[in-house]
Every structure is written in C-alpha cells, then in structure tokens.
Amino acid sequence: MAFRDHTKKIRIGSKTIGGGSPIAIQSMTNTKTEDVQATVDQILALENAGCDIIRCTVPNPEAAAAIREIKKQIHIPLVADIHFDYRMAIEAMKNGADKIRINPGNIGGPENIRKVVECAKEREIPIRVGVNSGSLEKDIIEKYGHVTAEGLVESALDKVRMIEDFDYDNIVISIKSSDVMMCVKAHELIAGKTPYPLHVGITEAGTVYSGNIKSSVGLGIILNEGIGDTIRVSLTGSPLEEVRSAKLILKTLGLRSGGVEVVSCPTCGRTDIDLIDLANEVEKMVQDIPLNIKVAVMGCVVNGPGEAREADIGVAGGKGVGLIIRHGEILRKVPEDQILGALREELLNWK
C-alpha cells in the first residue's frame, strides 16, 4: 500500500506535500539566520541544486526578524525551526515563515502551545511536530525500558494530540532516529495510524560518507514501502550534498525523474585512462545540464562500447584516448585530455 497516496494534503507556501504529491526534498541552512546575505546566498544555491523546501533555525529575535527579508529574496518555502521559546515561532510566522517546526513538549505548556496554534491558524501555516530518539521523554523511555520505535511513535502521536486539542489539523509529523532500523520500524508503525504527511530522515546520520550510506539504506526502505511525503538527508557537510543525495535516492527508487544520470565502471587492470578523475569530473560537469538522460563513463574498450550503448551517450576509454558513443554509434575518437570537453559539447547540443 502506498501510504503517501492517502495522507492529508498540506500546503507549505507554493508547495504541496501529502496525498500523493511529489516527494519534496528539504535541507537546512547552516548559516546564522540573522546574517541575511549569507543565508540568502546559501538558499539560492540550494534552489539551483534542486531543493524544494528550506529550513532555518530561529533561536533569537534577530533570526525571527531576518525571516522577512530572507523571504523577499528566495523562491522556495521557508520553515522556521523553533526550540524552547514559543515567542520565536509566533514572530517567525508574523515575518512570513511558510511552516514552523516545533516540539510541543518543550515550548512551555498548553497556554504557549495555544498561542502558537492560534497564530498558525490565523495564517493557515502548517506545524511540523518533531520528535527524535535523542529527546524522547523519560516516562516513555521508562515505559519501554529504553528508546524504541514504539516509544517514538507514542511520543509523536501525543504531540499531535496537543495540536489537535486546539482544533488544528494542519500538521506534518517527523519521527527520527540515528538508528537506521529503529527509524524504519517507527515509520512502519506510524504510517497506518495517522492521516498526516510524514517528513522522513535519519537524524545525525554522520559525515558525507557514512551519512549517505545510512540515509540511503533507511530512506530507501521507508520510501520503497510507500511511506514518506518529504525527505531530508542529514549530513555533517554542505547542505548542497544533502540535496544531491536526496535527488539520487529518489531517482534510484523511481520516485523522481529528470537530470543527468552518470554511470561508470569500477575500474580494473585494463583501464588505460584516469577513469576515477574523469567520472568525478563528469558528475560535476552535468549538474547544470537540464536533460533527462543517462551518461556512461567506461574505462576500457573491452566492455566499454557495449555498456555505453545502454546509455544515451557515453565514453569508452582506450590508451590515452576516448571513444564518444551516442545511442550505440561511435561519434569520434578524442585525446584523453579532450574527453570532458567533447562530452559537454555533445550534451549542450543535445537534440
């Protein structure tokens, strides 16, 4: 069952998630939000990389005030991330935030929750209820003996009820853990228990290397089960890496199309060109090319031409040279130092 087809549709600025809408890619700025120019520059770069929704931390009044100016200069919805101070949520919404992320359990009791919900209701702003394994309540940990998927789900649904108690259902749920399989189980448990769209990610996944592996495994399982309406790949690195990884995860699962896909062989003793550098350079080179095609980068003339035929265009390396192959036809042979330029020329003139 594709649970995402049956979740409630939620509008976040110009984007809609849930109810079978395309899965949206999110990231989070790592600038100081009150530094408007730095934050805007990063968001614009993320937009160009394919980010659909951006989140900014709002820990103080200066950051809340900056939301107004940031919104004027960007083109994707902005989520204000709030911890502890309910007043920052209200100020962020007044300054144009398209959505807020809160943990209702840590903003100071029912009266403060009511004030936040009333402000959100007036402006029809969705509230993302966030719970993760590192902030699970002591009583729930004691109930289950330790941090568990069941505890995460119970905590999340408790937080949802705190919002629903004030007659508001413009809600998105997030339940995250750095334990990949716990995160998977939690999403499997909650998917059939709530109508609200789910924001999916493996929290504190790690560096670009380890974080990508953990996120790919976790998100791959969850998304392939039909669960999840919007995602973030959380990496200790550039937010641009998060967006690139999220796009590739969705494309690999067949949940998104578009963009150039690069495939390359693993190299062996037959390789006579610097294939590793070439493949990496090709992957960088195609990022700004708006085509929906497959590019193959192959290291030798044994399997290269045959493998390249399976792609729309490719290169098969020889001794210091490369064959440029398009739809199975050899276009030309070029010196090794001209392969990248020749390939880019073909892509820019693609018909």
# chains A, B, ... in the order shown; residues from 1 in each chain; ligands from 1
$ residues_around --residues "region 179-193 of chain A" --least-positions-apart "2" --cutoff "7 Å" --atoms "only C-alpha atoms" --output "list in words"
Phe3, Thr148, Ala149, Glu150, Leu152, Val153, Lys176, Ser177, Ile202, Lys214, Gly218, Ile222 and Ile227 of chain A
$ select_by_dssp --residues "region 95-300 of chain A" --states "helix (DSSP H, G or I)" --output "VMD selection string"
chain A and resid 104 to 106 110 to 123 133 to 135 138 to 144 149 to 164 180 to 191 208 to 224 239 to 252 275 to 288
$ closest_residue --among "A:Asp274, A:Glu283, A:Asp229, A:Glu69" --to "Gly20 (chain A)" --atoms "only C-alpha atoms"
A:Asp229
$ residues_around --residues "Thr203 (chain A)" --least-positions-apart "3" --cutoff "12 Å" --atoms "only C-alpha atoms" --output "compact mmCIF listing (two decimals) with N, CA, C and O atoms, in the first residue's frame"
# COMPACT_ATOMS: atom_id res chain seq x y z
N GLY A 130 7.98 17.63 15.62
CA GLY A 130 9.22 16.88 15.53
C GLY A 130 9.55 16.13 16.80
O GLY A 130 9.54 16.69 17.90
N VAL A 131 9.85 14.84 16.66
CA VAL A 131 10.29 14.02 17.78
C VAL A 131 11.48 13.20 17.29
O VAL A 131 11.46 12.66 16.19
N ASN A 132 12.54 13.12 18.08
CA ASN A 132 13.63 12.22 17.72
C ASN A 132 14.13 11.45 18.93
O ASN A 132 13.79 11.77 20.07
N SER A 133 14.91 10.42 18.65
CA SER A 133 15.31 9.48 19.70
C SER A 133 16.13 10.15 20.80
O SER A 133 16.15 9.67 21.93
N GLY A 134 16.80 11.25 20.48
CA GLY A 134 17.62 11.92 21.47
C GLY A 134 16.85 12.78 22.43
O GLY A 134 17.41 13.24 23.44
N SER A 135 15.57 13.03 22.13
CA SER A 135 14.79 13.91 23.01
C SER A 135 13.52 13.22 23.51
O SER A 135 12.56 13.88 23.91
N SER A 174 7.22 14.31 12.10
CA SER A 174 8.60 13.87 11.89
C SER A 174 9.03 13.01 13.06
O SER A 174 8.95 13.44 14.21
N ILE A 175 9.44 11.77 12.78
CA ILE A 175 9.99 10.90 13.83
C ILE A 175 11.33 10.38 13.34
O ILE A 175 11.41 9.66 12.35
N LYS A 176 12.39 10.77 14.01
CA LYS A 176 13.73 10.45 13.52
C LYS A 176 14.57 9.76 14.59
O LYS A 176 14.41 10.00 15.78
N SER A 177 15.49 8.93 14.10
CA SER A 177 16.46 8.29 14.96
C SER A 177 17.75 8.13 14.18
O SER A 177 17.74 8.03 12.95
N SER A 178 18.88 8.11 14.89
CA SER A 178 20.15 7.84 14.23
C SER A 178 20.34 6.33 14.03
O SER A 178 21.25 5.90 13.32
N ASP A 179 19.48 5.54 14.69
CA ASP A 179 19.46 4.09 14.49
C ASP A 179 18.59 3.80 13.27
O ASP A 179 17.37 3.97 13.31
N VAL A 180 19.22 3.37 12.19
CA VAL A 180 18.50 3.24 10.91
C VAL A 180 17.31 2.30 11.02
O VAL A 180 16.19 2.65 10.61
N MET A 182 15.69 1.23 13.65
CA MET A 182 14.66 1.74 14.55
C MET A 182 13.81 2.77 13.83
O MET A 182 12.58 2.80 13.97
N CYS A 183 14.47 3.61 13.03
CA CYS A 183 13.75 4.63 12.27
C CYS A 183 12.79 3.98 11.27
O CYS A 183 11.65 4.40 11.11
N HIS A 199 7.47 13.61 7.35
CA HIS A 199 8.78 14.10 6.93
C HIS A 199 9.80 13.07 7.39
O HIS A 199 9.89 12.75 8.57
N VAL A 200 10.57 12.51 6.45
CA VAL A 200 11.41 11.36 6.74
C VAL A 200 12.89 11.72 6.65
O VAL A 200 13.32 12.40 5.71
N GLY A 206 25.58 11.42 10.09
CA GLY A 206 27.03 11.41 10.07
C GLY A 206 27.61 12.22 8.92
O GLY A 206 26.96 13.09 8.35
N THR A 207 28.84 11.90 8.59
CA THR A 207 29.57 12.61 7.54
C THR A 207 28.98 12.31 6.17
O THR A 207 28.10 11.45 6.02
N GLY A 211 27.04 9.13 6.41
CA GLY A 211 25.67 9.64 6.42
C GLY A 211 24.91 9.29 5.15
O GLY A 211 23.71 8.99 5.20
N ASN A 212 25.60 9.31 4.03
CA ASN A 212 24.95 8.94 2.78
C ASN A 212 24.56 7.47 2.77
O ASN A 212 23.48 7.10 2.28
N LYS A 214 23.97 5.48 5.45
CA LYS A 214 22.87 5.25 6.39
C LYS A 214 21.56 5.83 5.86
O LYS A 214 20.50 5.20 5.97
N SER A 215 21.62 7.02 5.27
CA SER A 215 20.41 7.65 4.75
C SER A 215 19.86 6.88 3.56
O SER A 215 18.63 6.72 3.41
N GLY A 218 18.21 3.65 5.01
CA GLY A 218 16.99 3.94 5.75
C GLY A 218 15.89 4.54 4.89
O GLY A 218 14.75 4.05 4.87
N LEU A 219 16.22 5.60 4.18
CA LEU A 219 15.22 6.24 3.32
C LEU A 219 14.78 5.30 2.21
O LEU A 219 13.61 5.29 1.81
N ILE A 231 11.45 14.56 2.39
CA ILE A 231 12.63 13.96 2.98
C ILE A 231 13.76 14.97 3.16
O ILE A 231 13.83 15.98 2.46
N ARG A 232 14.65 14.65 4.11
CA ARG A 232 15.92 15.34 4.24
C ARG A 232 17.01 14.31 4.48
O ARG A 232 16.84 13.41 5.31
N VAL A 233 18.10 14.42 3.75
CA VAL A 233 19.29 13.64 4.02
C VAL A 233 20.17 14.49 4.93
O VAL A 233 20.73 15.49 4.51
N SER A 234 20.29 14.11 6.19
CA SER A 234 21.03 14.91 7.18
C SER A 234 22.50 14.52 7.16
O SER A 234 22.85 13.40 7.55
N LEU A 235 23.36 15.44 6.73
CA LEU A 235 24.78 15.16 6.63
C LEU A 235 25.60 16.20 7.38
O LEU A 235 25.24 17.38 7.42
N THR A 236 26.73 15.77 7.94
CA THR A 236 27.69 16.69 8.51
C THR A 236 28.55 17.18 7.35
O THR A 236 29.62 16.64 7.07
$ residues_around --residues "Glu336 (chain A)" --least-positions-apart "3" --cutoff "12 Å" --atoms "only C-alpha atoms" --output "list in words"
Asp272, Ile273, Asp274, Leu275, Asp277, Leu278, Gly299, Val315, Ala316, Gly317, Gly318, Lys319, Gly320, Val321, Gly322, Leu323, Ile324, Lys333, Ile339, Leu340, Gly341, Ala342 and Leu343 of chain A
$ closest_residue --among "A:Asp35, A:Leu78, A:Ile107, A:Ile25" --to "Gly201 (chain A)" --atoms "only C-alpha atoms"
A:Ile25
$ residues_around --residues "Gly254 (chain A)" --least-positions-apart "4" --cutoff "12 Å" --atoms "only C-alpha atoms" --output "list in words"
Pro22, Ile23, Gly220, Leu223, Asn224, Gly226, Lys247, Leu248, Ile249, Leu250 and Gly258 of chain A
$ closest_residue --among "A:Ile74, A:Ala63, A:Cys119, A:Ala311" --to "Ala45 (chain A)" --atoms "only C-alpha atoms"
A:Ile74
$ residues_around --residues "Gly96 (chain A)" --least-positions-apart "2" --cutoff "6 Å" --atoms "only C-alpha atoms" --output "ChimeraX atom specification"
/A:68,93-94
$ residues_around --residues "Gly105 (chain A)" --least-positions-apart "4" --cutoff "12 Å" --atoms "only C-alpha atoms" --output "ChimeraX atom specification"
/A:82-86,109-113,129-131,135-137,155-163
$ closest_residue --among "A:Ala246, A:Val40, A:Val260, A:Val79" --to "Asp288 (chain A)" --atoms "only C-alpha atoms"
A:Val260
$ select_by_dssp --residues "region 110-164 of chain A" --states "strand (DSSP E)" --output "ChimeraX atom specification"
/A:127-132
$ write_last_selection --atoms "N, CA and C atoms" --output "tab-separated table (two decimals), in the first residue's frame"
chain	number	residue	atom	x	y	z
A	127	ILE	N	2.16	23.16	10.95
A	127	ILE	CA	3.07	22.91	12.06
A	127	ILE	C	3.66	21.52	11.90
A	128	ARG	N	4.99	21.46	11.84
A	128	ARG	CA	5.65	20.16	11.83
A	128	ARG	C	5.97	19.79	13.26
A	129	VAL	N	5.45	18.66	13.70
A	129	VAL	CA	5.69	18.16	15.04
A	129	VAL	C	6.91	17.24	14.97
A	130	GLY	N	7.98	17.63	15.62
A	130	GLY	CA	9.22	16.88	15.53
A	130	GLY	C	9.55	16.13	16.80
A	131	VAL	N	9.85	14.84	16.66
A	131	VAL	CA	10.29	14.02	17.78
A	131	VAL	C	11.48	13.20	17.29
A	132	ASN	N	12.54	13.12	18.08
A	132	ASN	CA	13.63	12.22	17.72
A	132	ASN	C	14.13	11.45	18.93
$ closest_residue --among "A:Ala49, A:Cys268, A:Ala2, A:Ile325" --to "Ile289 (chain A)" --atoms "only C-alpha atoms"
A:Ala49
$ decode --residues "region 51-183 of chain A" --atoms "C-alpha atoms" --output "compact mmCIF listing (two decimals), in the first residue's frame"
# COMPACT_ATOMS: atom_id res chain seq x y z
CA CYS A 51 15.93 21.88 -3.00
CA ASP A 52 12.13 22.22 -2.69
CA ILE A 53 11.76 23.43 0.90
CA ILE A 54 14.36 25.07 3.16
CA ARG A 55 14.51 25.17 6.96
CA CYS A 56 16.27 27.85 9.01
CA THR A 57 16.89 27.89 12.73
CA VAL A 58 15.20 30.71 14.67
CA PRO A 59 16.80 30.79 18.13
CA ASN A 60 16.51 34.53 18.80
CA PRO A 61 14.56 37.68 17.87
CA GLU A 62 17.20 38.74 15.33
CA ALA A 63 16.77 35.49 13.42
CA ALA A 64 12.98 35.79 13.57
CA ALA A 65 13.17 39.34 12.18
CA ALA A 66 15.54 38.22 9.40
CA ILE A 67 12.88 35.86 8.03
CA ARG A 68 11.02 38.81 6.49
CA GLU A 69 13.98 39.98 4.40
CA ILE A 70 15.11 36.45 3.51
CA LYS A 71 11.65 35.64 2.16
CA LYS A 72 11.83 38.57 -0.24
CA GLN A 73 14.89 37.14 -1.95
CA ILE A 74 14.19 33.40 -2.23
CA HIS A 75 11.77 31.32 -4.27
CA ILE A 76 11.05 28.22 -2.18
CA PRO A 77 9.05 27.80 1.04
CA LEU A 78 10.84 28.52 4.31
CA VAL A 79 10.36 26.53 7.50
CA ALA A 80 11.26 28.14 10.83
CA ASP A 81 12.89 25.72 13.28
CA ILE A 82 11.97 26.53 16.86
CA HIS A 83 13.33 25.14 20.11
CA PHE A 84 12.03 26.10 23.58
CA ASP A 85 10.83 29.70 23.01
CA TYR A 86 7.26 29.76 21.68
CA ARG A 87 7.60 33.50 21.00
CA MET A 88 10.11 32.80 18.25
CA ALA A 89 7.51 30.64 16.49
CA ILE A 90 4.99 33.45 16.60
CA GLU A 91 7.47 36.08 15.41
CA ALA A 92 8.70 33.82 12.59
CA MET A 93 5.14 33.32 11.36
CA LYS A 94 4.43 37.05 11.54
CA ASN A 95 7.54 37.62 9.43
CA GLY A 96 6.48 35.22 6.70
CA ALA A 97 7.58 31.69 7.60
CA ASP A 98 5.62 29.20 5.50
CA LYS A 99 5.75 26.47 8.15
CA ILE A 100 7.12 26.02 11.65
CA ARG A 101 8.85 23.06 13.26
CA ILE A 102 8.30 22.66 17.00
CA ASN A 103 8.29 20.04 19.72
CA PRO A 104 5.12 20.96 21.64
CA GLY A 105 6.57 19.30 24.73
CA ASN A 106 9.39 21.81 25.14
CA ILE A 107 7.84 25.21 24.50
CA GLY A 108 6.32 25.77 27.93
CA GLY A 109 2.94 24.12 28.42
CA PRO A 110 -0.61 24.23 26.99
CA GLU A 111 -1.02 28.00 27.09
CA ASN A 112 2.06 28.57 24.96
CA ILE A 113 1.00 25.83 22.55
CA ARG A 114 -2.39 27.52 22.25
CA LYS A 115 -0.78 30.85 21.35
CA VAL A 116 1.36 29.23 18.66
CA VAL A 117 -1.57 27.31 17.22
CA GLU A 118 -3.80 30.39 17.15
CA CYS A 119 -1.15 32.32 15.20
CA ALA A 120 -0.71 29.40 12.79
CA LYS A 121 -4.46 29.05 12.36
CA GLU A 122 -4.89 32.74 11.52
CA ARG A 123 -2.30 32.43 8.74
CA GLU A 124 -3.03 28.81 7.69
CA ILE A 125 0.57 27.87 8.43
CA PRO A 126 1.35 24.16 8.93
CA ILE A 127 3.07 22.91 12.06
CA ARG A 128 5.65 20.16 11.83
CA VAL A 129 5.69 18.16 15.04
CA GLY A 130 9.22 16.88 15.53
CA VAL A 131 10.29 14.02 17.78
CA ASN A 132 13.63 12.22 17.72
CA SER A 133 15.31 9.48 19.70
CA GLY A 134 17.62 11.92 21.47
CA SER A 135 14.79 13.91 23.01
CA LEU A 136 12.36 11.16 23.96
CA GLU A 137 10.60 11.81 27.27
CA LYS A 138 11.85 9.99 30.36
CA ASP A 139 8.48 8.45 31.16
CA ILE A 140 8.25 6.89 27.71
CA ILE A 141 11.82 5.56 27.96
CA GLU A 142 10.93 4.06 31.35
CA LYS A 143 7.75 2.55 29.95
CA TYR A 144 9.56 0.67 27.18
CA GLY A 145 12.85 0.14 29.05
CA HIS A 146 14.92 2.11 26.55
CA VAL A 147 14.49 4.17 23.38
CA THR A 148 12.31 2.16 20.98
CA ALA A 149 10.38 2.63 17.75
CA GLU A 150 7.17 2.13 19.71
CA GLY A 151 8.17 4.91 22.09
CA LEU A 152 8.95 7.28 19.23
CA VAL A 153 5.52 6.68 17.73
CA GLU A 154 3.74 7.13 21.06
CA SER A 155 5.58 10.38 21.70
CA ALA A 156 4.84 11.72 18.22
CA LEU A 157 1.13 10.93 18.45
CA ASP A 158 0.98 12.54 21.91
CA LYS A 159 2.46 15.73 20.40
CA VAL A 160 -0.03 15.62 17.54
CA ARG A 161 -2.90 15.45 20.02
CA MET A 162 -1.54 18.56 21.75
CA ILE A 163 -2.07 20.46 18.49
CA GLU A 164 -5.39 18.77 17.68
CA ASP A 165 -6.71 19.70 21.13
CA PHE A 166 -6.75 23.30 19.89
CA ASP A 167 -8.82 22.31 16.85
CA TYR A 168 -5.97 22.39 14.32
CA ASP A 169 -5.04 19.68 11.87
CA ASN A 170 -2.62 21.44 9.53
CA ILE A 171 0.12 19.10 10.72
CA VAL A 172 3.22 17.30 9.43
CA ILE A 173 4.90 14.60 11.54
CA SER A 174 8.60 13.87 11.89
CA ILE A 175 9.99 10.90 13.83
CA LYS A 176 13.73 10.45 13.52
CA SER A 177 16.46 8.29 14.96
CA SER A 178 20.15 7.84 14.23
CA ASP A 179 19.46 4.09 14.49
CA VAL A 180 18.50 3.24 10.91
CA MET A 181 16.41 0.15 11.55
CA MET A 182 14.66 1.74 14.55
CA CYS A 183 13.75 4.63 12.27
